[in-house]
Amino acid sequence: MRPLAHRALAALLAPLLVLLASACGNQGRAAPRPRSAPGREFRHPGALVSGEQLDAVRRHVEHGEQPWLGAFLAMRDSRYGDLGHRPRPYATVACPPDTRPGRGCVEEREDAIAAYTQALLWYVTGERAHAAAAARIMDAWSAKVRRHTEGNAGLQAAWAGATWARAGEVLRTPGSGWPRASVRRFGAMLRGAYRPAVTAGAADFNGNWDLAMTDAALSIAVFLDDHAGFRRALDRFRARVPAYFYLRSDGPLPRTPPGSRVRGADAIRTYWFGQRVFRDGLAQESCRNFQHAGYALAATAHIAETAWHQGVDLYGPYRERLRAAVEFHARYQNGARAPAWLCGGKVRRTLGPDLEVLVNHLENRLQLKLPQADRLLRRTRPAGTDDLFVAWETLTQAGNPAG
């Protein structure tokens, strides 16, 4: 990362203020009133990040404030921030579930993150070169990709599709210069090459799959102004979240999602990776590793945050479940010794940059205390990217209740 003093960055950005005001004019819009069903019109940008949140990010960076300045510089100086990033589109993205090499899997995920990164850089700095870079990447893929195949098709399409939709929501903001014809073709790509894969059933897959697919389905629905798809994704979220994160009120055993063939105590314990004792905050994949539980935490947060921007409160019914899950995993990620009842006394502390969105809502909107998560975030910020579908969430979400 290239070190810049706060004053130097402010001087660098000062000439751009007028540009920013015209290019990113999202000031003054009222935040939606949370409810249980979507409104008649979608708010754009509104997939994971809102216009108000992006405006707040820009102000924090302009004023050299932390942790946003450090997060911005880390994003800018990452390989995804390279203006010369060259897209590598494939017509068919083939991702096997085993050790066989795939075709286009890494390229697709990295190009989607690069497009999102460039779109964010444009919004924060007002430099049209970044908007052009994002458009170049997105246009290359929308002109070529047609389908996803092999056993990991649903998960691959979910990771990339969610990121593409977020990038598209930012870049479609007036002032980017992204032509309407390109926007329409990009929407057709999401509709044809991604939506079918992420709306397929996954009841008996590990829950991070189902949640990641729902994340993509919801964000794609927002980009496409697809109310029916949006409602279906909300229903899928409501079915999966209480079947993935355990609370004592569920009873002696965790719930199972609708359509699951996992029945009976032994089958449920096997599905939960051999866990026999269930405590508040435990996730279906906690005893697999925290990495996959983290994917589920991140996807859950993305879905709830996108819904929030569209006026739907998915957080509220699950606030205690989500708070327990965040604190449970942060506690052991921070180094607490795992008791014998938990995963045989051994946990794999591989949690990624997955907590910013949930912590922002629970702490900054609901004023709940999350001491373990706070300790973890202080130690690991700024959150970067997992190179899959989580990117730059300290920058966009930390201390940012707007929208």
# chains A, B, ... in the order shown; residues from 1 in each chain; ligands from 1
>>> residues_around(residues="His148 (chain A)", least_positions_apart="2", cutoff="6 Å", atoms="only C-alpha atoms", output="compact mmCIF listing (two decimals) with N, CA and C atoms, in the first residue's frame")
# COMPACT_ATOMS: atom_id res chain seq x y z
N THR A 92 -18.68 -20.38 -21.32
CA THR A 92 -19.13 -21.39 -20.36
C THR A 92 -18.14 -21.44 -19.21
N VAL A 93 -18.62 -21.19 -18.01
CA VAL A 93 -17.79 -21.27 -16.81
C VAL A 93 -18.06 -22.64 -16.18
N ALA A 94 -17.04 -23.49 -16.18
CA ALA A 94 -17.20 -24.87 -15.72
C ALA A 94 -16.40 -25.08 -14.44
N ALA A 153 -21.63 -25.27 -10.06
CA ALA A 153 -22.22 -24.20 -10.88
C ALA A 153 -23.02 -23.22 -10.03
>>> residues_around(residues="Arg146 (chain A)", least_positions_apart="3", cutoff="9 Å", atoms="only C-alpha atoms", output="ChimeraX atom specification")
/A:90-93,142-143,189,192-194
>>> atom_distance(atom1="CA of Gly46 (chain A)", atom2="CA of Asn400 (chain A)")
14.5 Å
>>> residues_around(residues="Glu305 (chain A)", least_positions_apart="3", cutoff="12 Å", atoms="only C-alpha atoms", output="number ranges by chain")
A: 34, 46-50, 53, 215, 218-219, 234, 298-302, 308-316, 356-362, 365, 396-397, 400-403
>>> residues_around(residues="Arg279 (chain A)", least_positions_apart="4", cutoff="10 Å", atoms="only C-alpha atoms", output="PyMOL selection string")
chain A and resi 245-248+252-254+283+324-325+328+341-342
>>> select_by_dssp(residues="region 206-283 of chain A", states="helix (DSSP H, G or I)", output="PyMOL selection string")
chain A and resi 207-224+227-244+248-250+265-271
>>> residues_around(residues="Arg180 (chain A)", least_positions_apart="6", cutoff="12 Å", atoms="only C-alpha atoms", output="ChimeraX atom specification")
/A:135,139,168,171-174,186-187
>>> residues_around(residues="Asp82 (chain A)", least_positions_apart="3", cutoff="9 Å", atoms="only C-alpha atoms", output="PyMOL selection string")
chain A and resi 76-79+85+114+118+133
>>> residues_around(residues="region 266-274 of chain A", least_positions_apart="5", cutoff="7 Å", atoms="only C-alpha atoms", output="PyMOL selection string")
chain A and resi 284-285+287-288
>>> select_by_dssp(residues="region 136-362 of chain A", states="strand (DSSP E or B)", output="list in words")
Arg147, His148, Thr149, Phe245, Ala283 and Val312 of chain A
>>> write_last_selection(atoms="N, CA, C and O atoms", output="compact mmCIF listing (two decimals), in the first residue's frame")
# COMPACT_ATOMS: atom_id res chain seq x y z
N ARG A 147 -23.43 -19.51 -19.60
CA ARG A 147 -23.91 -20.52 -18.65
C ARG A 147 -22.82 -20.95 -17.69
O ARG A 147 -21.63 -20.67 -17.91
N HIS A 148 -23.25 -21.65 -16.62
CA HIS A 148 -22.36 -22.24 -15.63
C HIS A 148 -22.65 -23.74 -15.57
O HIS A 148 -23.82 -24.14 -15.56
N THR A 149 -21.59 -24.54 -15.54
CA THR A 149 -21.76 -25.99 -15.55
C THR A 149 -20.89 -26.64 -14.48
O THR A 149 -20.12 -25.97 -13.80
N PHE A 245 -28.33 -21.19 11.87
CA PHE A 245 -27.79 -20.65 13.12
C PHE A 245 -28.72 -21.07 14.26
O PHE A 245 -29.91 -20.74 14.24
N ALA A 283 -23.31 -22.66 14.31
CA ALA A 283 -23.79 -22.74 12.93
C ALA A 283 -23.64 -24.16 12.40
O ALA A 283 -22.85 -24.96 12.92
N VAL A 312 -37.25 -3.50 3.63
CA VAL A 312 -37.70 -4.74 4.26
C VAL A 312 -36.75 -5.10 5.39
O VAL A 312 -35.53 -5.22 5.17
>>> atom_distance(atom1="CA of Arg86 (chain A)", atom2="CA of Val145 (chain A)")
15.8 Å
>>> atom_distance(atom1="CA of Pro353 (chain A)", atom2="CA of His329 (chain A)")
12.4 Å
